[in-house]
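Accompanying notes for the structure given below.
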Amino acid sequence: MKQESHGERADRNFVELLQGARVAVTGVQVLFAFLLTVPFSPGFTRIDRADQWLYYAALVSAALASIWYIAPTAQHRVLFRQGRKETLVRRSNRYGLAGALALAVSMTTATMFVIDHLFDAALAGVTAGVLALLALWTWFGQPALTRSDQSSDGAEPSSGGADDPRA
């Protein structure tokens, strides 16, 4: 198998980052669109101050997630053919992590907002806590542990390609 160059690896990494962002951005945009309509519902004016702050956190974090997930594509357009692909890949990875964190906050606070409205604050708090822990574990904690694991066979770390079973 031919060894890929730095440029080829940067191209592949960028394509993989964009593919992941495409999956996430659709969900973010649906959540954001839904949240934008909520204040125009008839009963919204009757929510208490705590729920207003929950709604605010959900809306702003959905907006931030949208910005961070869209940033790599926008920056690629600005930096096209400028020889900055490696910089763009590193930056896009950070934006993807920030977008995932903002999405976790938005999903958690939006769910807490709805459950508090339907049931009570205690159930809302417990549910939000479980959702937050699950998102943090599956999106950040577990991959961080996997990343820090040392290979028992002394093999080099995975290149992360689609055909690599360790990716």
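Residue numbering restarts at 1 for every chain of the structure tokens, chains are lettered A, B, ... in their displayed order, and ligands are numbered from 1 as they appear.
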Q: Excluding segment 137-146 of chain A and any residue of its chain fewer than 3 positions from it, enumerate the residues within 9 Å of it, using only C-alpha atoms, and give them as a ChimeraX atom specification.
A: /A:97,100-101,132-134,149-150
Q.
According to DSSP computed on the backbone, where in segment 24-147 of chain A is there alpha helix (DSSP H)? Give the residues as a VMD selection string.
A. chain A and resid 24 to 37 49 to 79 85 to 118 121 to 136 142 to 147
Q: Fewer than 4 positions away in the same chain doesn't count, so skip those; otherwise give me all residues within 9 Å of Ala98 of chain A, counting only C-alpha atoms, as an MDAnalysis selection string.
A: chainID A and resid 64:65 68:69 93:94 102:103
How would the residues just chosen look if you wrote them out with C-alpha atoms as a PDB file, in the first residue's frame?
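What landed in out18.pdb:
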```pdb
ATOM      1  CA  LEU A  64     -23.192  28.194  18.854  1.00  0.00           C
ATOM      2  CA  ALA A  65     -23.284  24.564  17.720  1.00  0.00           C
ATOM      3  CA  TRP A  68     -19.026  25.818  15.050  1.00  0.00           C
ATOM      4  CA  TYR A  69     -20.261  23.011  12.792  1.00  0.00           C
ATOM      5  CA  ASN A  93     -11.343  19.444  14.730  1.00  0.00           C
ATOM      6  CA  ARG A  94     -11.499  22.011  17.550  1.00  0.00           C
ATOM      7  CA  ALA A 102     -22.674  23.072  22.552  1.00  0.00           C
ATOM      8  CA  LEU A 103     -25.060  20.505  21.064  1.00  0.00           C
TER       9      LEU A 103
END
```
Q.
Quick one: residues within 10 Å of Ala128 of chain A, only C-alpha atoms, excluding same-chain residues fewer than 5 positions away - as a list in words?
A.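 Here the qualifying residues turn out to be Val105, Met107, Thr108, Thr109, Ala110, Thr111, Met112, Phe113, Ile115, Ala122, Leu123, Leu133 and Leu134 of chain A.
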Write a file of the just-selected residues containing all heavy atoms, as an mmCIF file, in the first residue's frame.
```cif
data_model
loop_
_atom_site.group_PDB
_atom_site.id
_atom_site.type_symbol
_atom_site.label_atom_id
_atom_site.label_comp_id
_atom_site.auth_asym_id
_atom_site.auth_seq_id
_atom_site.Cartn_x
_atom_site.Cartn_y
_atom_site.Cartn_z
ATOM 1 N N VAL A 105 -25.152 20.633 25.387
ATOM 2 C CA VAL A 105 -25.796 21.615 26.273
ATOM 3 C C VAL A 105 -27.203 21.937 25.769
ATOM 4 O O VAL A 105 -28.162 21.963 26.553
ATOM 5 C CB VAL A 105 -24.943 22.902 26.388
ATOM 6 C CG1 VAL A 105 -25.713 24.016 27.089
ATOM 7 C CG2 VAL A 105 -23.637 22.607 27.120
ATOM 8 N N MET A 107 -29.238 20.159 23.764
ATOM 9 C CA MET A 107 -30.141 19.013 23.902
ATOM 10 C C MET A 107 -30.560 18.814 25.360
ATOM 11 O O MET A 107 -31.728 18.559 25.649
ATOM 12 C CB MET A 107 -29.469 17.747 23.373
ATOM 13 C CG MET A 107 -29.292 17.735 21.877
ATOM 14 S SD MET A 107 -28.252 16.388 21.273
ATOM 15 C CE MET A 107 -29.123 14.970 21.876
ATOM 16 N N THR A 108 -29.601 18.947 26.251
ATOM 17 C CA THR A 108 -29.877 18.749 27.676
ATOM 18 C C THR A 108 -30.814 19.819 28.212
ATOM 19 O O THR A 108 -31.804 19.519 28.886
ATOM 20 C CB THR A 108 -28.554 18.738 28.469
ATOM 21 O OG1 THR A 108 -27.735 17.676 27.972
ATOM 22 C CG2 THR A 108 -28.794 18.536 29.943
ATOM 23 N N THR A 109 -30.525 21.074 27.913
ATOM 24 C CA THR A 109 -31.357 22.157 28.448
ATOM 25 C C THR A 109 -32.729 22.198 27.787
ATOM 26 O O THR A 109 -33.729 22.490 28.453
ATOM 27 C CB THR A 109 -30.654 23.525 28.333
ATOM 28 O OG1 THR A 109 -30.243 23.739 26.978
ATOM 29 C CG2 THR A 109 -29.446 23.603 29.255
ATOM 30 N N ALA A 110 -32.802 21.882 26.493
ATOM 31 C CA ALA A 110 -34.106 21.844 25.825
ATOM 32 C C ALA A 110 -34.976 20.734 26.411
ATOM 33 O O ALA A 110 -36.178 20.929 26.658
ATOM 34 C CB ALA A 110 -33.938 21.640 24.319
ATOM 35 N N THR A 111 -34.376 19.579 26.661
ATOM 36 C CA THR A 111 -35.118 18.467 27.266
ATOM 37 C C THR A 111 -35.554 18.824 28.683
ATOM 38 O O THR A 111 -36.703 18.553 29.077
ATOM 39 C CB THR A 111 -34.257 17.191 27.266
ATOM 40 O OG1 THR A 111 -33.881 16.893 25.916
ATOM 41 C CG2 THR A 111 -35.009 16.020 27.863
ATOM 42 N N MET A 112 -34.664 19.444 29.428
ATOM 43 C CA MET A 112 -35.001 19.861 30.790
ATOM 44 C C MET A 112 -36.156 20.862 30.771
ATOM 45 O O MET A 112 -37.074 20.788 31.595
ATOM 46 C CB MET A 112 -33.776 20.459 31.468
ATOM 47 C CG MET A 112 -33.944 20.734 32.925
ATOM 48 S SD MET A 112 -32.357 21.226 33.633
ATOM 49 C CE MET A 112 -32.844 21.493 35.323
ATOM 50 N N PHE A 113 -36.123 21.786 29.843
ATOM 51 C CA PHE A 113 -37.173 22.796 29.683
ATOM 52 C C PHE A 113 -38.538 22.130 29.452
ATOM 53 O O PHE A 113 -39.528 22.454 30.104
ATOM 54 C CB PHE A 113 -36.802 23.711 28.504
ATOM 55 C CG PHE A 113 -37.852 24.698 28.106
ATOM 56 C CD1 PHE A 113 -38.068 25.845 28.857
ATOM 57 C CD2 PHE A 113 -38.618 24.501 26.971
ATOM 58 C CE1 PHE A 113 -39.034 26.774 28.476
ATOM 59 C CE2 PHE A 113 -39.576 25.415 26.577
ATOM 60 C CZ PHE A 113 -39.792 26.551 27.341
ATOM 61 N N ILE A 115 -39.446 18.863 29.961
ATOM 62 C CA ILE A 115 -39.861 17.976 31.059
ATOM 63 C C ILE A 115 -40.307 18.783 32.270
ATOM 64 O O ILE A 115 -41.275 18.416 32.947
ATOM 65 C CB ILE A 115 -38.743 16.979 31.408
ATOM 66 C CG1 ILE A 115 -38.574 16.003 30.239
ATOM 67 C CG2 ILE A 115 -39.049 16.218 32.701
ATOM 68 C CD1 ILE A 115 -37.421 15.057 30.372
ATOM 69 N N ALA A 122 -37.877 18.342 39.565
ATOM 70 C CA ALA A 122 -37.040 17.230 40.019
ATOM 71 C C ALA A 122 -36.791 16.228 38.891
ATOM 72 O O ALA A 122 -35.649 15.839 38.632
ATOM 73 C CB ALA A 122 -37.691 16.540 41.209
ATOM 74 N N LEU A 123 -37.858 15.802 38.216
ATOM 75 C CA LEU A 123 -37.706 14.865 37.106
ATOM 76 C C LEU A 123 -36.896 15.503 35.977
ATOM 77 O O LEU A 123 -36.058 14.848 35.346
ATOM 78 C CB LEU A 123 -39.076 14.412 36.591
ATOM 79 C CG LEU A 123 -39.048 13.400 35.445
ATOM 80 C CD1 LEU A 123 -38.322 12.122 35.856
ATOM 81 C CD2 LEU A 123 -40.468 13.096 34.977
ATOM 82 N N LEU A 133 -24.599 13.421 31.275
ATOM 83 C CA LEU A 133 -23.553 12.423 31.542
ATOM 84 C C LEU A 133 -23.391 11.456 30.372
ATOM 85 O O LEU A 133 -22.272 11.113 29.990
ATOM 86 C CB LEU A 133 -23.860 11.656 32.824
ATOM 87 C CG LEU A 133 -23.689 12.448 34.118
ATOM 88 C CD1 LEU A 133 -24.184 11.625 35.308
ATOM 89 C CD2 LEU A 133 -22.242 12.873 34.314
ATOM 90 N N LEU A 134 -24.510 11.034 29.799
ATOM 91 C CA LEU A 134 -24.449 10.123 28.658
ATOM 92 C C LEU A 134 -23.758 10.783 27.466
ATOM 93 O O LEU A 134 -22.889 10.176 26.823
ATOM 94 C CB LEU A 134 -25.862 9.667 28.272
ATOM 95 C CG LEU A 134 -25.952 8.650 27.140
ATOM 96 C CD1 LEU A 134 -25.221 7.361 27.502
ATOM 97 C CD2 LEU A 134 -27.408 8.366 26.813
#
```
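Picture a line from atom CA of Gln75 of chain A to atom CA of Ala21 of chain A; it runs 13.8 Å.
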**Q.** Counting only C-alpha atoms, the residue of A:Leu17, A:Val78, A:Ala104, A:Val25 that sits nearest Ala57 of chain A
**A.**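 Residue with the minimum atom-to-atom distance to Ala57 of chain A: A:Ala104.
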Q.
With distances taken over only C-alpha atoms, which residue among A:Ser66, A:Leu79, A:Asp120, A:Thr87 lies nearest Val30 of chain A?
A.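 Ranking A:Ser66, A:Leu79, A:Asp120, A:Thr87 by distance to Val30 of chain A, first place goes to A:Ser66.
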Q: Calculate how many Å separate atom CA of Ala63 of chain A from atom CA of Gly27 of chain A, rounding to one decimal.
A: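 One can read the atom CA of Ala63 of chain A to atom CA of Gly27 of chain A distance as 12.1 Å.
Of the listed residues (A:Gly96, A:Pro39, A:Pro72, A:Gly20), A:Pro39 comes nearest to Leu59 of chain A; the distances count only C-alpha atoms.
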**Q.** Spatial neighbours of Leu88 of chain A, max dist 8 Å, only C-alpha atoms, sep filter under 3 positions, as an NGL selection string
**A.** :A and (14 or 72 or 75-76 or 84-85 or 91-92)
Q: Choose the residue, out of A:Ser148, A:Gln82, A:Thr73, A:Gln52, that has the smallest atom-to-atom separation from Asp116 of chain A; count only C-alpha atoms.
A: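 Of A:Ser148, A:Gln82, A:Thr73, A:Gln52, the one nearest Asp116 of chain A is A:Gln52, counting only C-alpha atoms.
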Q: Rounded to one decimal place, report the atom CA of Ser41 of chain A-atom CA of Thr127 of chain A distance in Å.
A: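 For atom CA of Ser41 of chain A relative to atom CA of Thr127 of chain A, the distance reads 24.1 Å.
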